[in-house]
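K.L.:
The following file, final.csv, comprises CSV, C-alpha atoms:
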```csv
chain,number,residue,atom,x,y,z
S,1,MET,CA,13.7,20.6,35.6
S,2,ARG,CA,15.5,17.3,36.3
S,3,ILE,CA,14.5,14.6,33.7
S,4,LEU,CA,15.7,11.0,33.7
S,5,THR,CA,15.4,9.9,30.0
S,6,VAL,CA,15.8,6.3,28.9
S,7,GLY,CA,16.4,5.2,25.3
S,8,PRO,CA,18.9,4.7,22.5
S,9,VAL,CA,21.0,7.8,22.1
S,10,GLY,CA,22.3,6.5,18.7
S,11,VAL,CA,18.8,7.1,17.2
S,12,VAL,CA,18.2,10.5,15.6
S,13,PRO,CA,14.8,11.2,17.2
S,14,MET,CA,16.2,10.8,20.7
S,15,GLN,CA,19.2,13.0,19.8
S,16,ARG,CA,16.8,15.6,18.7
S,17,VAL,CA,14.7,15.4,21.9
S,18,LEU,CA,17.8,15.6,24.0
S,19,GLY,CA,18.8,18.7,22.0
S,20,TRP,CA,15.5,20.3,22.7
S,21,LEU,CA,15.8,19.6,26.5
S,22,ALA,CA,19.3,21.0,26.5
S,23,ALA,CA,18.1,24.2,24.8
S,24,ALA,CA,15.3,24.5,27.4
S,25,GLY,CA,17.9,24.3,30.2
S,26,ALA,CA,16.8,21.0,31.6
S,27,GLU,CA,19.1,18.8,33.8
S,28,VAL,CA,19.1,15.4,32.2
S,29,TRP,CA,20.4,12.0,33.2
S,30,VAL,CA,20.5,9.7,30.1
S,31,VAL,CA,20.3,5.9,30.5
S,32,ASP,CA,21.1,3.9,27.3
S,33,GLU,CA,21.6,0.1,27.0
S,34,ASN,CA,25.3,0.6,26.2
S,35,ASP,CA,27.8,3.5,26.1
S,36,THR,CA,28.5,3.3,22.3
S,37,TYR,CA,26.9,6.7,21.7
S,38,ARG,CA,27.7,8.4,25.0
S,39,GLU,CA,29.4,11.3,23.2
S,40,LEU,CA,26.2,12.2,21.4
S,41,ALA,CA,24.5,13.2,24.6
S,42,PRO,CA,24.6,17.0,25.0
S,43,ALA,CA,27.3,18.6,27.0
S,44,GLY,CA,26.5,18.7,30.7
S,45,PHE,CA,24.1,15.7,30.6
S,46,ARG,CA,24.9,12.8,32.9
S,47,PHE,CA,25.0,9.3,31.3
S,48,SER,CA,24.8,5.7,32.4
S,49,ALA,CA,24.9,2.5,30.4
S,50,LEU,CA,22.5,-0.1,31.6
S,51,ALA,CA,21.8,-3.3,29.6
S,52,GLN,CA,18.3,-4.2,28.5
S,53,PRO,CA,16.8,-6.8,30.9
S,54,ASP,CA,16.9,-10.2,29.4
S,55,ALA,CA,13.3,-11.3,28.5
S,56,ALA,CA,14.4,-14.8,27.5
S,57,SER,CA,16.4,-16.2,30.4
S,58,ALA,CA,15.6,-15.3,34.1
S,59,PRO,CA,13.5,-12.3,33.1
S,60,ASP,CA,12.4,-11.4,36.6
S,61,ALA,CA,15.9,-11.4,38.0
S,62,SER,CA,17.2,-9.4,35.1
S,63,LEU,CA,14.4,-6.9,35.4
S,64,ASP,CA,14.9,-6.6,39.2
S,65,ALA,CA,18.6,-5.9,38.7
S,66,ALA,CA,17.9,-3.1,36.1
S,67,ALA,CA,15.2,-1.7,38.4
S,68,ALA,CA,17.7,-1.6,41.3
S,69,ALA,CA,20.2,0.2,39.2
S,70,LEU,CA,17.6,2.8,38.1
S,71,ARG,CA,16.6,3.3,41.8
S,72,GLN,CA,20.2,4.1,42.6
S,73,ILE,CA,20.3,6.7,39.8
S,74,ALA,CA,17.0,8.2,40.9
S,75,ALA,CA,18.1,8.4,44.6
S,76,GLN,CA,21.1,10.4,43.5
S,77,PHE,CA,19.4,12.5,40.8
S,78,GLN,CA,15.9,13.0,42.2
S,79,PRO,CA,14.2,13.3,38.8
S,80,GLN,CA,11.0,15.3,38.5
S,81,LEU,CA,10.1,13.3,35.4
S,82,VAL,CA,11.0,10.0,33.7
S,83,HIS,CA,10.9,10.0,29.9
S,84,VAL,CA,11.1,6.5,28.3
S,85,GLN,CA,11.8,6.8,24.6
S,86,ASN,CA,10.6,3.7,22.7
S,87,VAL,CA,8.8,0.8,24.3
S,88,THR,CA,11.5,-1.5,25.7
S,89,ALA,CA,12.3,-3.6,28.7
S,90,LEU,CA,14.3,-0.7,30.2
S,91,GLY,CA,11.0,1.2,30.3
S,92,LEU,CA,9.4,-1.7,32.2
S,93,ALA,CA,12.4,-1.6,34.6
S,94,CYS,CA,11.5,2.0,35.3
S,95,LEU,CA,8.0,0.9,36.1
S,96,ARG,CA,9.2,-1.9,38.4
S,97,ALA,CA,11.5,0.6,40.1
S,98,GLY,CA,8.5,2.8,41.0
S,99,LEU,CA,9.8,5.8,39.1
S,100,GLY,CA,7.6,8.6,37.9
S,101,PRO,CA,5.8,10.6,36.7
S,102,LEU,CA,6.3,8.4,33.6
S,103,LEU,CA,6.2,9.8,30.1
S,104,VAL,CA,6.5,7.2,27.2
S,105,SER,CA,7.2,8.1,23.6
S,106,THR,CA,5.8,5.1,21.7
S,107,TRP,CA,7.8,5.7,18.5
S,108,GLY,CA,6.8,2.9,16.0
S,109,ALA,CA,5.3,0.5,18.5
S,110,LEU,CA,1.7,1.2,17.6
S,111,GLY,CA,2.0,1.5,13.8
S,112,GLN,CA,-0.2,-1.4,12.9
S,113,ALA,CA,-3.0,-0.2,15.2
S,114,ALA,CA,-3.6,2.8,12.8
S,115,ASP,CA,-5.2,0.3,10.4
S,116,GLY,CA,-7.7,-0.9,12.9
S,117,GLU,CA,-5.6,-4.1,13.5
S,118,ARG,CA,-5.1,-5.4,17.0
S,119,VAL,CA,-1.6,-4.1,17.8
S,120,SER,CA,0.9,-6.9,18.4
S,121,LEU,CA,2.5,-6.0,21.8
S,122,SER,CA,3.8,-8.2,24.6
S,123,ALA,CA,2.1,-8.3,27.9
S,124,ALA,CA,5.1,-6.4,29.4
S,125,ALA,CA,4.8,-3.6,26.8
S,126,ARG,CA,1.1,-3.3,27.4
S,127,GLN,CA,1.8,-3.1,31.1
S,128,LEU,CA,4.2,-0.2,30.6
S,129,LEU,CA,1.8,1.7,28.3
S,130,ALA,CA,-1.1,1.2,30.8
S,131,ALA,CA,1.0,2.5,33.7
S,132,ALA,CA,2.3,5.7,32.0
S,133,ASP,CA,1.1,9.1,33.1
S,134,ALA,CA,1.3,10.3,29.5
S,135,LEU,CA,1.9,8.7,26.1
S,136,ILE,CA,3.3,10.4,23.0
S,137,VAL,CA,2.3,9.2,19.5
S,138,ASP,CA,3.5,10.6,16.1
S,139,ALA,CA,0.4,10.2,13.9
S,140,PRO,CA,-3.2,11.4,14.3
S,141,THR,CA,-4.6,7.9,13.6
S,142,LEU,CA,-2.6,6.5,16.5
S,143,LEU,CA,-4.4,8.7,19.1
S,144,ALA,CA,-7.4,6.4,19.5
S,145,PRO,CA,-5.4,3.2,19.7
S,146,ALA,CA,-3.1,4.8,22.3
S,147,ARG,CA,-6.0,5.9,24.4
S,148,GLY,CA,-7.3,2.3,24.3
S,149,LEU,CA,-4.0,1.1,25.8
S,150,ALA,CA,-3.5,4.0,28.3
S,151,ARG,CA,-4.9,4.0,31.8
S,152,PRO,CA,-8.0,6.1,32.5
S,153,GLY,CA,-6.9,9.7,33.0
S,154,ALA,CA,-3.6,9.4,31.3
S,155,ARG,CA,-2.6,12.0,28.8
S,156,VAL,CA,-2.2,11.0,25.1
S,157,GLU,CA,-0.4,13.6,23.0
S,158,LEU,CA,0.3,13.9,19.3
S,159,LEU,CA,4.0,15.1,19.0
S,160,PRO,CA,5.5,14.0,15.7
S,161,MET,CA,9.2,14.6,14.7
S,162,GLY,CA,9.1,17.8,12.8
S,163,ALA,CA,11.8,19.8,11.1
S,164,ASP,CA,13.7,23.0,11.5
S,165,MET,CA,12.1,25.1,8.9
S,166,GLN,CA,15.1,27.4,8.7
S,167,ARG,CA,17.4,24.6,7.7
S,168,PHE,CA,15.0,22.5,5.6
S,169,ARG,CA,14.2,25.0,2.8
S,170,PRO,CA,13.6,24.8,-1.0
S,171,GLY,CA,16.3,25.6,-3.5
S,172,ARG,CA,19.6,24.2,-4.8
S,173,THR,CA,22.6,25.2,-2.7
S,174,GLU,CA,26.2,25.6,-3.7
S,175,GLU,CA,27.1,22.6,-1.5
S,176,ALA,CA,24.4,20.5,-3.2
S,177,LEU,CA,25.9,21.3,-6.6
S,178,LEU,CA,29.3,20.1,-5.3
S,179,TRP,CA,27.7,16.9,-4.0
S,180,ARG,CA,26.1,16.3,-7.4
S,181,THR,CA,29.5,16.6,-9.0
S,182,LEU,CA,31.0,14.3,-6.3
S,183,PHE,CA,28.4,11.6,-6.9
S,184,GLY,CA,28.6,11.8,-10.7
S,185,ILE,CA,25.1,13.5,-11.2
S,186,PRO,CA,24.9,15.8,-14.2
S,187,ASP,CA,23.4,19.2,-13.7
S,188,GLU,CA,20.4,18.4,-16.0
S,189,ALA,CA,19.5,15.1,-14.3
S,190,PHE,CA,16.3,14.8,-12.3
S,191,VAL,CA,17.3,13.0,-9.1
S,192,LEU,CA,14.8,10.7,-7.4
S,193,LEU,CA,16.0,10.3,-3.8
S,194,SER,CA,15.3,7.4,-1.5
S,195,PRO,CA,16.6,8.7,1.9
S,196,ARG,CA,15.2,6.0,4.3
S,197,MET,CA,17.4,3.7,6.3
S,198,TRP,CA,18.3,0.2,5.1
S,199,GLY,CA,15.8,-2.5,6.0
S,200,ALA,CA,13.8,-4.9,3.9
S,201,PHE,CA,10.6,-3.3,5.1
S,202,TYR,CA,11.5,0.1,3.7
S,203,GLY,CA,10.8,-1.0,0.1
S,204,HIS,CA,14.1,-0.4,-1.6
S,205,GLN,CA,13.7,-3.6,-3.6
S,206,ALA,CA,10.4,-2.3,-5.0
S,207,ILE,CA,12.1,1.1,-5.7
S,208,LEU,CA,14.8,-0.5,-7.8
S,209,THR,CA,12.3,-2.6,-9.7
S,210,ALA,CA,10.0,0.4,-10.3
S,211,TYR,CA,12.9,2.5,-11.5
S,212,ALA,CA,13.8,-0.1,-14.1
S,213,LEU,CA,10.2,-0.3,-15.3
S,214,ALA,CA,9.9,3.5,-15.6
S,215,TRP,CA,13.3,4.1,-17.2
S,216,SER,CA,12.3,4.1,-20.9
S,217,ARG,CA,9.4,6.4,-20.3
S,218,PHE,CA,11.2,9.3,-18.6
S,219,ALA,CA,11.2,12.4,-20.8
S,220,ARG,CA,14.5,13.7,-19.3
S,221,PRO,CA,17.7,12.2,-17.8
S,222,THR,CA,17.3,10.9,-14.3
S,223,ARG,CA,19.3,9.4,-11.5
S,224,LEU,CA,18.1,7.2,-8.6
S,225,ALA,CA,20.0,8.0,-5.4
S,226,LEU,CA,19.9,5.5,-2.5
S,227,VAL,CA,21.4,6.6,0.8
S,228,GLY,CA,23.4,4.6,3.4
S,229,LEU,CA,24.9,1.9,1.2
S,230,GLY,CA,28.0,3.5,-0.3
S,231,ASP,CA,29.6,0.1,-0.9
S,232,GLY,CA,26.7,-0.9,-3.2
S,233,PRO,CA,24.0,-3.5,-3.0
S,234,ALA,CA,26.3,-6.4,-2.1
S,235,ALA,CA,26.5,-5.1,1.5
S,236,LEU,CA,23.1,-6.4,2.3
S,237,PRO,CA,21.6,-9.8,1.2
S,238,HIS,CA,18.1,-8.4,0.4
S,239,MET,CA,19.6,-5.6,-1.7
S,240,ALA,CA,22.0,-7.9,-3.5
S,241,GLU,CA,19.0,-10.1,-4.5
S,242,ALA,CA,17.0,-7.1,-5.7
S,243,TRP,CA,20.0,-5.7,-7.7
S,244,GLN,CA,20.4,-9.0,-9.6
S,245,GLY,CA,17.1,-8.3,-11.4
S,246,MET,CA,18.2,-4.8,-12.3
S,247,ALA,CA,21.9,-4.9,-12.9
S,248,SER,CA,21.6,-5.9,-16.6
S,249,THR,CA,19.0,-3.2,-17.4
S,250,PRO,CA,19.8,0.2,-19.0
S,251,ALA,CA,18.6,1.8,-15.8
S,252,ALA,CA,21.4,0.3,-13.7
S,253,GLN,CA,24.0,2.8,-14.8
S,254,ALA,CA,21.9,5.7,-13.4
S,255,VAL,CA,21.7,4.3,-9.9
S,256,ARG,CA,23.9,6.1,-7.3
S,257,TRP,CA,24.8,4.5,-4.0
S,258,LEU,CA,25.4,7.3,-1.6
S,259,PRO,CA,27.1,6.8,1.8
S,260,ARG,CA,25.4,7.3,5.1
S,261,ILE,CA,24.4,10.9,5.6
S,262,SER,CA,24.4,12.5,9.0
S,263,TYR,CA,21.2,14.3,10.2
S,264,ARG,CA,23.2,17.6,10.1
S,265,GLN,CA,23.8,17.1,6.3
S,266,MET,CA,20.3,16.1,5.4
S,267,PRO,CA,19.3,19.6,4.1
S,268,THR,CA,22.1,19.3,1.5
S,269,LEU,CA,20.9,15.9,0.5
S,270,TYR,CA,17.4,17.2,-0.2
S,271,ALA,CA,18.9,20.2,-2.0
S,272,LEU,CA,20.7,18.0,-4.5
S,273,SER,CA,17.4,16.1,-5.2
S,274,ASP,CA,14.3,16.8,-7.3
S,275,ALA,CA,11.8,14.4,-5.7
S,276,VAL,CA,11.7,12.0,-2.8
S,277,LEU,CA,10.7,8.3,-2.8
S,278,ASN,CA,9.2,6.9,0.4
S,279,TYR,CA,7.9,3.3,0.0
S,280,PRO,CA,7.8,1.3,3.2
S,281,GLU,CA,5.5,-1.5,3.9
S,282,VAL,CA,4.7,-0.3,7.5
S,283,ASP,CA,5.7,2.9,9.2
S,284,SER,CA,5.0,5.4,11.9
S,285,PHE,CA,5.0,9.0,10.7
S,286,PRO,CA,8.6,9.7,9.4
S,287,ALA,CA,10.4,13.0,9.6
S,288,THR,CA,11.4,12.2,6.0
S,289,LEU,CA,7.9,13.3,4.8
S,290,VAL,CA,8.1,16.6,6.8
S,291,GLU,CA,11.6,17.4,5.7
S,292,ALA,CA,10.9,16.8,2.0
S,293,ALA,CA,7.7,18.9,2.2
S,294,ALA,CA,9.6,21.7,3.9
S,295,CYS,CA,12.1,21.6,1.0
S,296,GLN,CA,9.1,21.8,-1.4
S,297,LEU,CA,10.1,18.5,-3.1
S,298,PRO,CA,7.6,16.3,-4.8
S,299,VAL,CA,7.0,13.2,-2.6
S,300,ILE,CA,6.0,9.8,-3.9
S,301,THR,CA,4.6,7.6,-1.2
S,302,PRO,CA,1.9,5.1,-0.4
S,303,LEU,CA,-0.9,6.4,1.8
S,304,LEU,CA,-0.2,4.2,4.8
S,305,PRO,CA,-2.7,4.2,7.7
S,306,THR,CA,-0.3,6.3,9.8
S,307,TYR,CA,-0.1,9.0,7.1
S,308,ARG,CA,-3.8,9.6,7.0
S,309,GLU,CA,-5.3,12.9,8.3
S,310,THR,CA,-2.1,14.7,7.5
S,311,PHE,CA,-0.8,16.8,4.6
S,312,VAL,CA,0.3,13.6,2.8
S,313,GLU,CA,-3.3,13.0,1.6
S,314,GLN,CA,-3.5,16.2,-0.4
S,315,CYS,CA,0.1,17.2,-1.1
S,316,CYS,CA,1.9,14.0,-2.2
S,317,THR,CA,1.8,11.8,-5.2
S,318,LEU,CA,0.3,8.5,-4.0
S,319,ALA,CA,1.2,5.1,-5.1
S,320,GLN,CA,-0.4,1.8,-4.1
S,321,PRO,CA,1.8,0.0,-1.6
S,322,GLY,CA,3.5,-3.2,-2.5
S,323,ASP,CA,3.1,-2.6,-6.3
S,324,PRO,CA,6.3,-1.7,-8.2
S,325,ALA,CA,4.2,-1.1,-11.4
S,326,ALA,CA,2.1,1.5,-9.6
S,327,LEU,CA,5.3,3.1,-8.2
S,328,ALA,CA,6.8,3.2,-11.6
S,329,GLU,CA,3.7,5.1,-12.9
S,330,ALA,CA,4.1,7.6,-10.1
S,331,MET,CA,7.8,8.1,-10.9
S,332,VAL,CA,7.0,8.8,-14.6
S,333,GLN,CA,4.2,11.2,-13.6
S,334,VAL,CA,6.5,13.2,-11.3
S,335,VAL,CA,9.6,13.3,-13.6
S,336,ASN,CA,7.7,14.2,-16.7
S,337,GLN,CA,5.4,16.8,-15.1
S,338,PRO,CA,6.3,20.5,-15.8
S,339,PRO,CA,7.4,22.1,-12.6
S,340,ALA,CA,4.8,24.9,-12.9
S,341,GLU,CA,2.0,22.4,-12.7
S,342,ARG,CA,3.0,21.2,-9.2
S,343,ALA,CA,4.2,24.6,-7.7
S,344,ALA,CA,1.0,25.3,-5.9
S,345,ARG,CA,0.8,21.9,-4.3
S,346,LEU,CA,4.4,22.1,-3.1
S,347,ALA,CA,3.8,25.5,-1.6
S,348,GLN,CA,0.7,24.1,0.1
S,349,ALA,CA,2.8,21.3,1.6
S,350,ARG,CA,5.5,23.7,2.9
S,351,ALA,CA,2.8,25.8,4.5
S,352,ALA,CA,1.2,22.8,6.1
S,353,VAL,CA,4.4,21.6,7.8
S,354,GLU,CA,5.3,25.2,8.8
S,355,ARG,CA,2.0,25.3,10.6
S,356,ASP,CA,2.0,21.9,12.2
S,357,TYR,CA,5.5,20.4,12.3
S,358,ASP,CA,8.0,23.2,12.9
S,359,ASP,CA,10.6,22.0,15.4
S,360,ALA,CA,10.1,25.1,17.5
S,361,LEU,CA,6.4,24.2,17.9
S,362,ILE,CA,6.9,20.5,18.7
S,363,ALA,CA,9.8,21.3,21.1
S,364,GLY,CA,7.6,23.9,22.9
S,365,ARG,CA,4.7,21.5,23.3
S,366,LEU,CA,7.0,18.7,24.6
S,367,TRP,CA,8.4,21.0,27.2
S,368,ALA,CA,5.0,22.2,28.3
S,369,LEU,CA,3.9,18.6,28.7
S,370,CYS,CA,7.0,17.8,30.7
S,371,GLU,CA,6.4,20.8,33.0
S,372,GLU,CA,2.8,19.8,33.5
S,373,LEU,CA,3.7,16.2,34.4
S,374,ALA,CA,6.4,17.4,36.8
S,375,ARG,CA,4.1,19.8,38.6
S,376,GLY,CA,1.6,17.0,39.1
S,377,ALA,CA,4.1,14.6,40.6
```
Is it possible to express this structure as structure tokens?
P.N.:
Amino acid sequence: MRILTVGPVGVVPMQRVLGWLAAAGAEVWVVDENDTYRELAPAGFRFSALAQPDAASAPDASLDAAAAALRQIAAQFQPQLVHVQNVTALGLACLRAGLGPLLVSTWGALGQAADGERVSLSAAARQLLAAADALIVDAPTLLAPARGLARPGARVELLPMGADMQRFRPGRTEEALLWRTLFGIPDEAFVLLSPRMWGAFYGHQAILTAYALAWSRFARPTRLALVGLGDGPAALPHMAEAWQGMASTPAAQAVRWLPRISYRQMPTLYALSDAVLNYPEVDSFPATLVEAAACQLPVITPLLPTYRETFVEQCCTLAQPGDPAALAEAMVQVVNQPPAERAARLAQARAAVERDYDDALIAGRLWALCEELARGA
């Protein structure tokens, strides 16, 4: 099958989808807004860099130019399917170029709609979603909002980012023990891991505040590991501000600033940890939750609207969003709880993600959808 796929290759979800397509034997032409991550496309895939149309100045001319470039690629490649990953102006250019059948992975574009709010989308984004032959969402609570934006008869499919259950497994590995030594983490310390990317909306400020609040109540030594900021909090203004309130507390010496970790190394990161902190303000449905559950780690998280109707409701330790004091209580509960008391719930979480989020299952369903759309072209 020949698939023209449009989106940011530097983002892990797209890399994973491209890997699945490569494993299925698809011929793929990748279009990204620049060629920075060209080398991350699988071997044998064709690649073109095409700038996002400029929505601010001369939007019609910019969109027409992008559409013309996409038509040239399509004339040479003759794709049987066009897969737009993320809702961007390049996707709209595919639409203007008359390319299809059109599959759109919405990623985080619909996150607020899960709470019953009217989703804030531009008229152009709505036009793209309404023209697609199929939409992909990553949370059960986004199915209804997506159907409201799709055209009559379009497919709307739940296909979250899962995890490779053979790679993400419970247990402390030898490499994880070496990492603990490298990062100055004692063997007996309970590691609370915050693995999400750096952005003010991911709640790292609240995590730091909550850790300081909980510090004196921990019944065992702990460390707080934050990923992707190896140079410390001064690298980002919002983290530098959050750190000012914590730097003089006893808890500060237990914070570990880990460097950026590649997706390939994530199983080792989970293996050095004892619990995972996930505390964003808004979110889609992150692979973080699936990966942590697959590793049978306790997860502390708010129950955001996009997390409802999933294993999170029953298997995670829930903390009120936007409330560092509540997050601190959850940290104390997890750190001080005897492991035997949570073993059954962690096994339940692992079983749930094995059943619903195994990469092999998600990749197979995506490929089946691609084949069905291509046949109907």
K.L.:
For each of S:Leu95, S:Val11, S:Arg151, S:Ala189, take the minimum atom-to-atom distance to Leu177 (chain S), counting only C-alpha atoms, then give the residue where this is smallest.
P.N.:
S:Ala189
K.L.:
Taking all atoms listed in the file into account, which of S:Pro13, S:Gly100, S:Pro195, S:Pro250 comes nearest Leu373 (chain S)?
P.N.:
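Under the stated criterion, the closest residue is S:Gly100.
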K.L.:
Work out how far apart CA of Leu90 (chain S) and CA of Gln78 (chain S) are and give it in Å to one decimal.
P.N.:
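Going from CA of Leu90 (chain S) over to CA of Gln78 (chain S) covers 18.3 Å.
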K.L.:
In Å, rounded to a single decimal, give me how far CA of Ala374 (chain S) is from CA of Gly148 (chain S).
P.N.:
23.9 Å
K.L.:
Kindly give the distance, in Å, that separates CA of Arg365 (chain S) and CA of Val156 (chain S), rounded to a single decimal.
P.N.:
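For CA of Arg365 (chain S) relative to CA of Val156 (chain S), the distance reads 12.7 Å.
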K.L.:
Out of S:Gly44, S:Pro302, S:Pro286, S:Pro267, which residue has the shortest atom-to-atom distance to Arg169 (chain S) when counting all atoms listed in the file?
P.N.:
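Going through S:Gly44, S:Pro302, S:Pro286, S:Pro267 one by one, the smallest distance to Arg169 (chain S) is for S:Pro267.
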K.L.:
For each of S:Gln244, S:Ala68, S:Ala139, S:Glu291, take the minimum atom-to-atom distance to Leu304 (chain S), counting only C-alpha atoms, then give the residue where this is smallest.
P.N.:
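The shortest atom-to-atom distance to Leu304 (chain S) comes from S:Ala139.
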